[in-house]
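Here is target-v3.cif, consisting of mmCIF, C-alpha atoms and all ligand atoms:
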data_coords
#
loop_
_atom_site.label_atom_id
_atom_site.label_comp_id
_atom_site.auth_asym_id
_atom_site.auth_seq_id
_atom_site.Cartn_x
_atom_site.Cartn_y
_atom_site.Cartn_z
CA MET G 1 -12.47 5.31 -13.65
CA LYS G 2 -12.47 1.55 -14.18
CA ILE G 3 -9.34 -0.43 -13.33
CA LEU G 4 -9.00 -1.71 -16.90
CA GLU G 5 -9.01 1.87 -18.23
CA ILE G 6 -6.41 2.97 -15.68
CA VAL G 7 -4.12 0.09 -16.63
CA GLU G 8 -4.51 1.02 -20.31
CA LYS G 9 -3.71 4.66 -19.56
CA ILE G 10 -0.55 4.07 -17.52
CA ALA G 11 2.15 4.92 -19.97
CA VAL G 12 4.89 2.91 -18.29
CA GLU G 13 6.37 0.13 -20.43
CA GLU G 14 8.46 -1.37 -17.68
CA PRO G 15 6.87 -0.58 -14.33
CA ARG G 16 9.10 -0.02 -11.33
CA ILE G 17 6.49 0.13 -8.61
CA VAL G 18 6.69 1.31 -5.01
CA SER G 19 3.69 0.67 -2.78
CA ILE G 20 3.07 3.04 0.13
CA VAL G 21 0.75 1.25 2.50
CA GLY G 22 -1.40 2.12 5.52
CA ALA G 23 -3.79 0.52 7.98
CA GLY G 24 -6.64 0.19 5.45
CA ILE G 25 -4.90 -2.78 3.79
CA SER G 26 -5.14 -4.83 6.99
CA LYS G 27 -8.76 -3.97 7.78
CA ALA G 28 -10.02 -7.04 5.93
CA SER G 29 -7.62 -9.10 8.05
CA GLY G 30 -9.47 -7.88 11.16
CA MET G 31 -6.95 -5.21 12.19
CA PRO G 32 -8.62 -1.92 13.16
CA THR G 33 -7.48 1.30 11.48
CA PHE G 34 -6.49 4.39 13.50
CA ARG G 35 -8.78 7.03 12.03
CA GLY G 36 -12.17 7.10 10.30
CA GLU G 37 -15.16 4.86 10.84
CA ASP G 38 -14.36 2.13 13.42
CA GLY G 39 -10.89 3.70 13.84
CA MET G 40 -9.15 3.06 17.19
CA TRP G 41 -8.73 6.77 17.79
CA ASN G 42 -12.47 7.31 17.92
CA ASN G 43 -12.23 5.68 21.36
CA TYR G 44 -8.67 6.46 22.45
CA SER G 45 -6.54 9.57 22.07
CA ALA G 46 -3.43 9.18 19.91
CA MET G 47 -1.56 11.49 22.25
CA GLU G 48 -2.39 9.30 25.27
CA LEU G 49 -1.10 6.17 23.54
CA ALA G 50 1.34 6.77 20.69
CA THR G 51 3.88 9.23 22.08
CA PRO G 52 6.99 8.76 24.24
CA GLN G 53 5.37 11.14 26.75
CA ALA G 54 2.32 8.86 27.02
CA PHE G 55 4.59 5.88 27.70
CA ALA G 56 6.57 7.81 30.35
CA LYS G 57 3.32 8.87 32.04
CA ASP G 58 1.48 5.55 31.97
CA PRO G 59 3.43 2.60 30.50
CA GLN G 60 0.78 0.14 31.64
CA LEU G 61 -1.97 1.92 29.67
CA VAL G 62 0.21 1.92 26.56
CA TRP G 63 1.24 -1.74 26.96
CA ASN G 64 -2.41 -2.74 27.53
CA TRP G 65 -3.29 -1.10 24.18
CA TYR G 66 -0.49 -2.94 22.37
CA LYS G 67 -1.43 -6.24 24.03
CA ALA G 68 -5.07 -5.77 22.97
CA ARG G 69 -3.94 -5.17 19.37
CA MET G 70 -1.56 -8.14 19.52
CA ARG G 71 -4.40 -10.42 20.67
CA ILE G 72 -6.23 -9.48 17.45
CA LEU G 73 -3.06 -9.78 15.35
CA LEU G 74 -2.26 -13.29 16.58
CA LYS G 75 -5.49 -14.45 14.92
CA ALA G 76 -5.05 -12.34 11.75
CA LYS G 77 -3.98 -13.59 8.34
CA PRO G 78 -2.90 -11.63 5.27
CA ASN G 79 -5.74 -10.84 2.85
CA ASP G 80 -6.01 -10.62 -0.95
CA ALA G 81 -4.50 -7.11 -1.02
CA HIS G 82 -1.33 -8.29 0.77
CA PHE G 83 -1.13 -11.28 -1.61
CA ALA G 84 -1.60 -8.99 -4.65
CA LEU G 85 1.52 -7.04 -3.64
CA THR G 86 3.44 -10.30 -3.27
CA LYS G 87 2.32 -11.25 -6.79
CA LEU G 88 3.59 -7.90 -8.09
CA GLU G 89 6.98 -8.56 -6.51
CA LYS G 90 7.16 -12.11 -7.91
CA ALA G 91 6.36 -10.71 -11.38
CA GLY G 92 9.47 -8.52 -11.03
CA LEU G 93 7.46 -5.28 -11.12
CA SER G 94 8.03 -4.04 -7.57
CA LEU G 95 10.95 -2.09 -6.15
CA GLY G 96 9.40 -2.58 -2.73
CA ILE G 97 6.70 -1.91 -0.16
CA ILE G 98 6.97 1.00 2.26
CA THR G 99 4.48 0.08 4.94
CA GLN G 100 3.37 2.22 7.85
CA ASN G 101 1.83 -0.90 9.36
CA VAL G 102 3.55 -2.62 12.24
CA ASP G 103 1.59 -5.87 11.90
CA GLY G 104 4.05 -7.90 9.78
CA LEU G 105 1.29 -9.16 7.45
CA HIS G 106 3.24 -8.37 4.24
CA GLU G 107 5.99 -10.74 5.35
CA LEU G 108 3.42 -13.42 6.19
CA ALA G 109 1.99 -12.95 2.67
CA GLY G 110 5.43 -13.78 1.23
CA SER G 111 6.65 -10.30 0.23
CA LYS G 112 10.40 -9.84 0.68
CA LYS G 113 11.22 -6.22 -0.15
CA ILE G 114 9.49 -4.46 2.74
CA ILE G 115 10.37 -1.38 4.76
CA GLU G 116 8.40 -1.29 8.01
CA ILE G 117 8.90 2.42 8.40
CA HIS G 118 6.91 2.77 11.68
CA GLY G 119 8.46 -0.34 13.23
CA ARG G 120 7.28 -3.79 14.24
CA ILE G 121 4.67 -4.51 16.89
CA ARG G 122 5.89 -8.08 17.47
CA TYR G 123 9.20 -6.79 18.88
CA ALA G 124 9.97 -4.89 22.08
CA ARG G 125 13.13 -2.92 22.75
CA CYS G 126 14.80 -1.78 25.93
CA THR G 127 14.36 1.86 26.95
CA SER G 128 18.00 1.89 28.20
CA CYS G 129 20.17 -0.55 26.26
CA LYS G 130 20.11 -1.99 22.74
CA HIS G 131 18.30 -5.20 23.68
CA VAL G 132 15.47 -6.22 21.31
CA GLN G 133 13.23 -9.28 21.68
CA ARG G 134 9.99 -10.71 20.35
CA TRP G 135 7.04 -10.55 22.71
CA ASP G 136 4.29 -12.07 20.52
CA LYS G 137 3.85 -15.11 22.74
CA ASP G 138 0.45 -16.09 24.16
CA GLU G 139 1.67 -16.07 27.77
CA ILE G 140 2.94 -12.47 27.51
CA VAL G 141 0.10 -11.15 25.37
CA ASN G 142 -2.63 -12.62 27.57
CA GLU G 143 -1.10 -11.43 30.83
CA ARG G 144 -2.97 -8.18 31.44
CA ASP G 145 -1.72 -5.33 33.63
CA SER G 146 1.92 -6.40 33.61
CA LEU G 147 4.95 -4.64 32.20
CA LEU G 148 7.88 -6.15 30.33
CA TYR G 149 11.43 -5.68 31.65
CA CYS G 150 14.78 -6.01 29.92
CA PRO G 151 16.62 -9.27 30.70
CA ASN G 152 19.94 -7.39 30.27
CA CYS G 153 19.40 -4.38 32.50
CA GLU G 154 16.81 -5.95 34.75
CA LYS G 155 15.00 -2.85 35.93
CA SER G 156 14.68 -1.07 32.58
CA LEU G 157 11.32 -1.18 30.88
CA LEU G 158 10.84 -2.69 27.47
CA ARG G 159 8.70 -0.71 25.01
CA PRO G 160 7.10 -1.68 21.70
CA ASP G 161 9.64 -1.42 18.84
CA VAL G 162 7.54 1.11 16.93
CA VAL G 163 7.80 4.79 15.98
CA TRP G 164 5.61 7.13 18.01
CA PHE G 165 4.72 10.76 17.26
CA GLY G 166 7.70 13.07 17.76
CA GLU G 167 10.20 10.25 17.23
CA PRO G 168 12.45 10.13 14.18
CA LEU G 169 12.16 7.34 11.62
CA ASP G 170 15.12 4.95 11.35
CA PRO G 171 17.50 6.84 8.99
CA SER G 172 18.66 3.62 7.28
CA LYS G 173 15.03 2.74 6.44
CA SER G 174 14.29 6.31 5.24
CA GLU G 175 17.36 6.21 3.02
CA ILE G 176 16.21 3.03 1.25
CA ALA G 177 12.64 4.37 0.97
CA LEU G 178 13.82 7.62 -0.63
CA ASP G 179 16.10 5.68 -2.99
CA TRP G 180 13.14 3.55 -4.16
CA LEU G 181 10.96 6.65 -4.49
CA SER G 182 13.64 8.35 -6.62
CA HIS G 183 13.91 5.38 -8.99
CA CYS G 184 10.30 4.23 -9.35
CA ASN G 185 7.94 5.25 -12.14
CA LEU G 186 4.68 4.19 -10.48
CA VAL G 187 3.50 4.56 -6.88
CA LEU G 188 0.51 2.74 -5.39
CA VAL G 189 -0.83 4.54 -2.31
CA ILE G 190 -2.94 1.96 -0.49
CA GLY G 191 -5.26 2.34 2.51
CA THR G 192 -3.64 5.33 4.17
CA SER G 193 -5.30 8.54 5.36
CA GLY G 194 -2.19 10.42 4.22
CA VAL G 195 -2.03 12.65 7.28
CA VAL G 196 1.05 11.32 9.06
CA TYR G 197 4.41 12.77 8.06
CA PRO G 198 6.96 12.21 6.73
CA VAL G 199 5.28 9.28 4.88
CA ALA G 200 2.47 11.59 3.70
CA SER G 201 5.09 13.51 1.71
CA PHE G 202 6.47 10.41 -0.07
CA PRO G 203 3.94 10.36 -2.98
CA SER G 204 4.64 13.98 -3.93
CA PHE G 205 8.40 13.31 -3.66
CA ALA G 206 8.03 10.44 -6.16
CA LYS G 207 5.79 12.56 -8.40
CA GLU G 208 8.43 15.30 -8.52
CA ASN G 209 10.81 12.57 -9.73
CA GLY G 210 8.43 11.69 -12.55
CA ALA G 211 6.39 8.82 -11.09
CA LYS G 212 2.66 8.35 -11.69
CA ILE G 213 0.54 7.93 -8.55
CA ILE G 214 -2.49 5.65 -8.11
CA GLU G 215 -4.46 5.67 -4.87
CA PHE G 216 -6.55 2.76 -3.55
CA ASN G 217 -8.87 3.86 -0.74
CA ILE G 218 -12.52 3.62 0.27
CA GLU G 219 -12.66 7.43 0.31
CA SER G 220 -10.75 10.49 -0.81
CA THR G 221 -7.81 11.68 1.26
CA PRO G 222 -5.55 14.76 1.36
CA LEU G 223 -3.38 12.87 -1.17
CA THR G 224 -6.19 12.46 -3.72
CA PRO G 225 -5.51 15.82 -5.47
CA ILE G 226 -1.92 14.85 -6.34
CA CYS G 227 -2.85 11.36 -7.56
CA ASP G 228 -3.06 10.65 -11.28
CA PHE G 229 -5.80 8.08 -10.62
CA SER G 230 -7.89 7.13 -7.60
CA VAL G 231 -9.58 3.76 -7.25
CA PHE G 232 -12.29 4.17 -4.64
CA GLY G 233 -13.42 0.96 -2.95
CA LYS G 234 -11.95 -1.81 -0.86
CA CYS G 235 -8.31 -2.44 -1.71
CA GLU G 236 -8.69 -6.17 -0.99
CA GLU G 237 -11.05 -6.23 -3.98
CA ASN G 238 -9.49 -3.66 -6.32
CA LEU G 239 -5.78 -4.26 -5.85
CA PRO G 240 -5.86 -7.93 -6.98
CA LEU G 241 -7.81 -6.86 -10.10
CA PHE G 242 -5.32 -4.09 -10.83
CA VAL G 243 -2.30 -6.39 -10.42
CA GLU G 244 -3.87 -9.05 -12.60
CA GLU G 245 -4.67 -6.56 -15.39
CA LEU G 246 -1.24 -4.95 -15.20
CA ILE G 247 0.56 -8.30 -15.45
CA ARG G 248 -1.73 -9.28 -18.35
CA LYS G 249 -0.95 -6.01 -20.17
CA ILE G 250 2.81 -6.43 -19.72
CA GLU G 251 2.80 -10.07 -20.84
CA LYS G 252 0.75 -9.09 -23.88
CA SER G 253 3.14 -6.26 -24.84
CA LYS G 254 6.15 -8.63 -24.43
CA SER G 255 4.59 -11.26 -26.66
CA GLY G 256 4.32 -8.69 -29.38
C1 LIG G 301 -9.31 1.39 3.28
C2 LIG G 301 -10.02 0.32 3.69
C3 LIG G 301 -10.10 -0.71 2.70
C4 LIG G 301 -10.10 1.62 5.38
N1 LIG G 301 -9.50 -0.51 1.49
N2 LIG G 301 -8.73 1.66 2.16
C5 LIG G 301 4.99 17.78 8.94
C6 LIG G 301 3.77 18.43 9.01
C7 LIG G 301 2.92 18.23 10.10
C8 LIG G 301 3.29 17.37 11.15
C9 LIG G 301 4.50 16.73 11.05
C10 LIG G 301 5.32 16.94 9.97
N3 LIG G 301 6.44 16.17 10.15
C11 LIG G 301 6.33 15.49 11.30
C12 LIG G 301 5.15 15.81 11.88
C13 LIG G 301 4.68 15.27 13.19
C14 LIG G 301 4.05 13.91 13.11
C15 LIG G 301 2.80 13.99 12.21
O1 LIG G 301 2.79 13.56 11.09
N4 LIG G 301 1.74 14.55 12.74
C16 LIG G 301 0.49 14.69 11.98
C17 LIG G 301 -0.54 13.65 12.46
C18 LIG G 301 0.00 16.09 12.16
N5 LIG G 301 4.99 12.90 12.62
C19 LIG G 301 5.86 12.33 13.44
O2 LIG G 301 5.94 12.64 14.61
C20 LIG G 301 6.80 11.29 12.84
N6 LIG G 301 8.14 11.58 13.25
C21 LIG G 301 8.82 12.59 12.72
O3 LIG G 301 8.44 13.25 11.80
O4 LIG G 301 10.02 12.79 13.35
C22 LIG G 301 10.78 13.96 13.04
C23 LIG G 301 11.93 14.00 14.03
C24 LIG G 301 13.21 14.22 13.54
C25 LIG G 301 14.26 14.27 14.45
C26 LIG G 301 14.04 14.09 15.81
C27 LIG G 301 12.77 13.87 16.28
C28 LIG G 301 11.70 13.82 15.38
C29 LIG G 301 6.50 9.90 13.39
C30 LIG G 301 5.15 9.41 13.03
C31 LIG G 301 4.89 8.08 13.74
C32 LIG G 301 3.47 7.59 13.53
N7 LIG G 301 3.22 6.50 14.41
C33 LIG G 301 1.96 5.77 14.30
C34 LIG G 301 1.94 4.70 15.41
C35 LIG G 301 2.89 3.57 15.01
C36 LIG G 301 2.91 2.45 15.99
C37 LIG G 301 1.59 1.73 16.11
O5 LIG G 301 1.03 1.20 15.13
O6 LIG G 301 1.12 1.67 17.24
O7 LIG G 301 1.82 5.16 13.02
S1 LIG G 301 0.55 6.85 14.37
C38 LIG G 301 -0.43 5.92 13.22
O8 LIG G 301 -0.68 6.71 12.02
C39 LIG G 301 0.45 4.76 12.78
C40 LIG G 301 0.18 4.67 11.32
O9 LIG G 301 1.24 3.99 10.68
C41 LIG G 301 0.04 6.11 10.93
C42 LIG G 301 -0.67 6.35 9.64
O10 LIG G 301 -1.99 5.88 9.70
P1 LIG G 301 -2.64 5.16 8.43
O11 LIG G 301 -1.91 3.91 8.14
O12 LIG G 301 -2.77 6.12 7.33
O13 LIG G 301 -4.05 4.70 9.01
P2 LIG G 301 -5.41 5.56 9.18
O14 LIG G 301 -6.24 4.85 10.16
O15 LIG G 301 -5.11 6.98 9.44
O16 LIG G 301 -6.08 5.48 7.74
C43 LIG G 301 -6.61 4.28 7.24
C44 LIG G 301 -7.06 4.55 5.80
O17 LIG G 301 -7.50 3.32 5.23
C45 LIG G 301 -8.22 5.54 5.67
O18 LIG G 301 -7.90 6.50 4.66
C46 LIG G 301 -9.41 4.67 5.22
O19 LIG G 301 -10.31 5.37 4.37
C47 LIG G 301 -8.69 3.57 4.50
N8 LIG G 301 -9.37 2.28 4.43
N9 LIG G 301 -10.52 0.43 4.94
C48 LIG G 301 -8.83 0.66 1.26
N10 LIG G 301 -10.76 -1.87 2.92
#
With the file now loaded, output its structure as structure tokens.
Amino acid sequence: MKILEIVEKIAVEEPRIVSIVGAGISKASGMPTFRGEDGMWNNYSAMELATPQAFAKDPQLVWNWYKARMRILLKAKPNDAHFALTKLEKAGLSLGIITQNVDGLHELAGSKKIIEIHGRIRYARCTSCKHVQRWDKDEIVNERDSLLYCPNCEKSLLRPDVVWFGEPLDPSKSEIALDWLSHCNLVLVIGTSGVVYPVASFPSFAKENGAKIIEFNIESTPLTPICDFSVFGKCEENLPLFVEELIRKIEKSKSG
């Protein structure tokens, strides 16, 4: 279905939108996705890299992976899809963005209401104490085969401040996310394969609370059957069009 038709069919007078975002939104910024064509996990195993057990077994391998991703991220800029979500927020239509991405590109695009539900790659935290610090500096990122240690407890390793498989999400972030999902009337599911829980359950949670769901992806996903509309294609092309049309429709209805 065409974007214009979808916008016409959304029967929400005053949209309260929550965007649930995945790696596909940052692909056009040069950040690789995890799964699918060109996905990082075609070459690496998730279980060797994104679990606490993997870090305990081989912290250097895990840090090398994060440093390689950070070298790409340091050159990356937000793309038109990130900016479209910022525009939605500035138009007063967004409750917030729940992003699974750790890259910080929504913030760089100027969005303010963001929950980084899987953490932040630019930060490292101590494996023993509460110390947290940024590590996105050229001299750290470019130093291969070295580990990062906590300046407070000297011998303790620092780890990326992200959520790995088997680890719980930050309860304070989940609480805000569920509050938004209970109060929204429209959910945009953007560039996620919809296979990682609990985030994969968020669209159906919102739907049970009465929200309409629109998916933006290059292909269908396990979430497609529960979506009211799916916009297949690149989100960096389709999301700006959708936001523009939605804002136009709302302004038109306000002016009478
Ligand atoms: C485009 C595009 C373009 C491309 N335009 N689209 C219930 C059922 C089954 C399992 C579980 C369950 N509950 C929990 C689990 C276990 C597990 C899980 O979900 N496993 C499944 C994989 C089977 N979940 C967890 O372990 C979570 N923790 C948890 O539940 O804790 C419970 C607990 C409670 C109390 C004590 C202890 C535990 C944690 C999950 C953490 C996920 N972490 C990662 C790594 C983060 C750090 C990092 O980045 O390094 O998060 S894994 C990875 O997957 C990353 C992503 O955020 C996440 C999701 O991936 P995403 O974003 O969807 O990317 P892709 O690559 O999969 O998809 C990209 C999409 O874009 C594709 O669809 C493309 O088509 C599309 N695309 N270009 C539009 N231009």
Exercise: Ile115 of chain G partners within 9 Å, all atoms listed in the file, chain neighbours under 2 positions left out, as a PDB file with C-alpha atoms, keeping the file's coordinate frame:
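Result went into out16.pdb, see below:
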ATOM      1  CA  GLY G  96       9.400  -2.580  -2.730  1.00  0.00           C
ATOM      2  CA  ILE G  97       6.700  -1.910  -0.160  1.00  0.00           C
ATOM      3  CA  ILE G  98       6.970   1.000   2.260  1.00  0.00           C
ATOM      4  CA  THR G  99       4.480   0.080   4.940  1.00  0.00           C
ATOM      5  CA  GLN G 100       3.370   2.220   7.850  1.00  0.00           C
ATOM      6  CA  LYS G 113      11.220  -6.220  -0.150  1.00  0.00           C
ATOM      7  CA  ILE G 117       8.900   2.420   8.400  1.00  0.00           C
ATOM      8  CA  HIS G 118       6.910   2.770  11.680  1.00  0.00           C
ATOM      9  CA  GLY G 119       8.460  -0.340  13.230  1.00  0.00           C
ATOM     10  CA  LYS G 173      15.030   2.740   6.440  1.00  0.00           C
ATOM     11  CA  SER G 174      14.290   6.310   5.240  1.00  0.00           C
ATOM     12  CA  ILE G 176      16.210   3.030   1.250  1.00  0.00           C
ATOM     13  CA  ALA G 177      12.640   4.370   0.970  1.00  0.00           C
TER      14      ALA G 177
END
Q) Can you tell me which residues sit at most 8 Å away from ligand LIG 301 (chain G), counting all atoms listed in the file, written as a PyMOL selection string? A) chain G and resi 21-28+32-36+39-40+46+50+66+99-103+118-121+162-169+190-200+216-221+232-236
What box, with edges along x, y and z, holds each listed atom of segment 16-33 of chain G when 8 Å is added on every side, and can you state its centre and edge lengths in Å to one decimal, as JSON?
{"center_x": -0.5, "center_y": -3.0, "center_z": 0.9, "size_x": 35.1, "size_y": 28.1, "size_z": 40.5}
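Ranking G:Asp136, G:Asp179, G:Glu89, G:Asp80 by their shortest atom-to-atom distance to Ile247 of chain G, with all atoms listed in the file included, puts G:Glu89 first.
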Q. Do you have the atom CA of Arg16 of chain G-atom CA of Ser230 of chain G distance handy?
A.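 Result for atom CA of Arg16 of chain G versus atom CA of Ser230 of chain G: 18.8 Å, one decimal.
Distance check against Val12 of chain G using only C-alpha atoms: of G:Ile226, G:Val231, G:Leu88, G:Ala211, the minimum falls on G:Ala211.
The nearest approach to Ala109 of chain G among the residues G:Ser204, G:Thr224, G:Asn79, G:Thr51, with only C-alpha atoms taken into account, belongs to G:Asn79.
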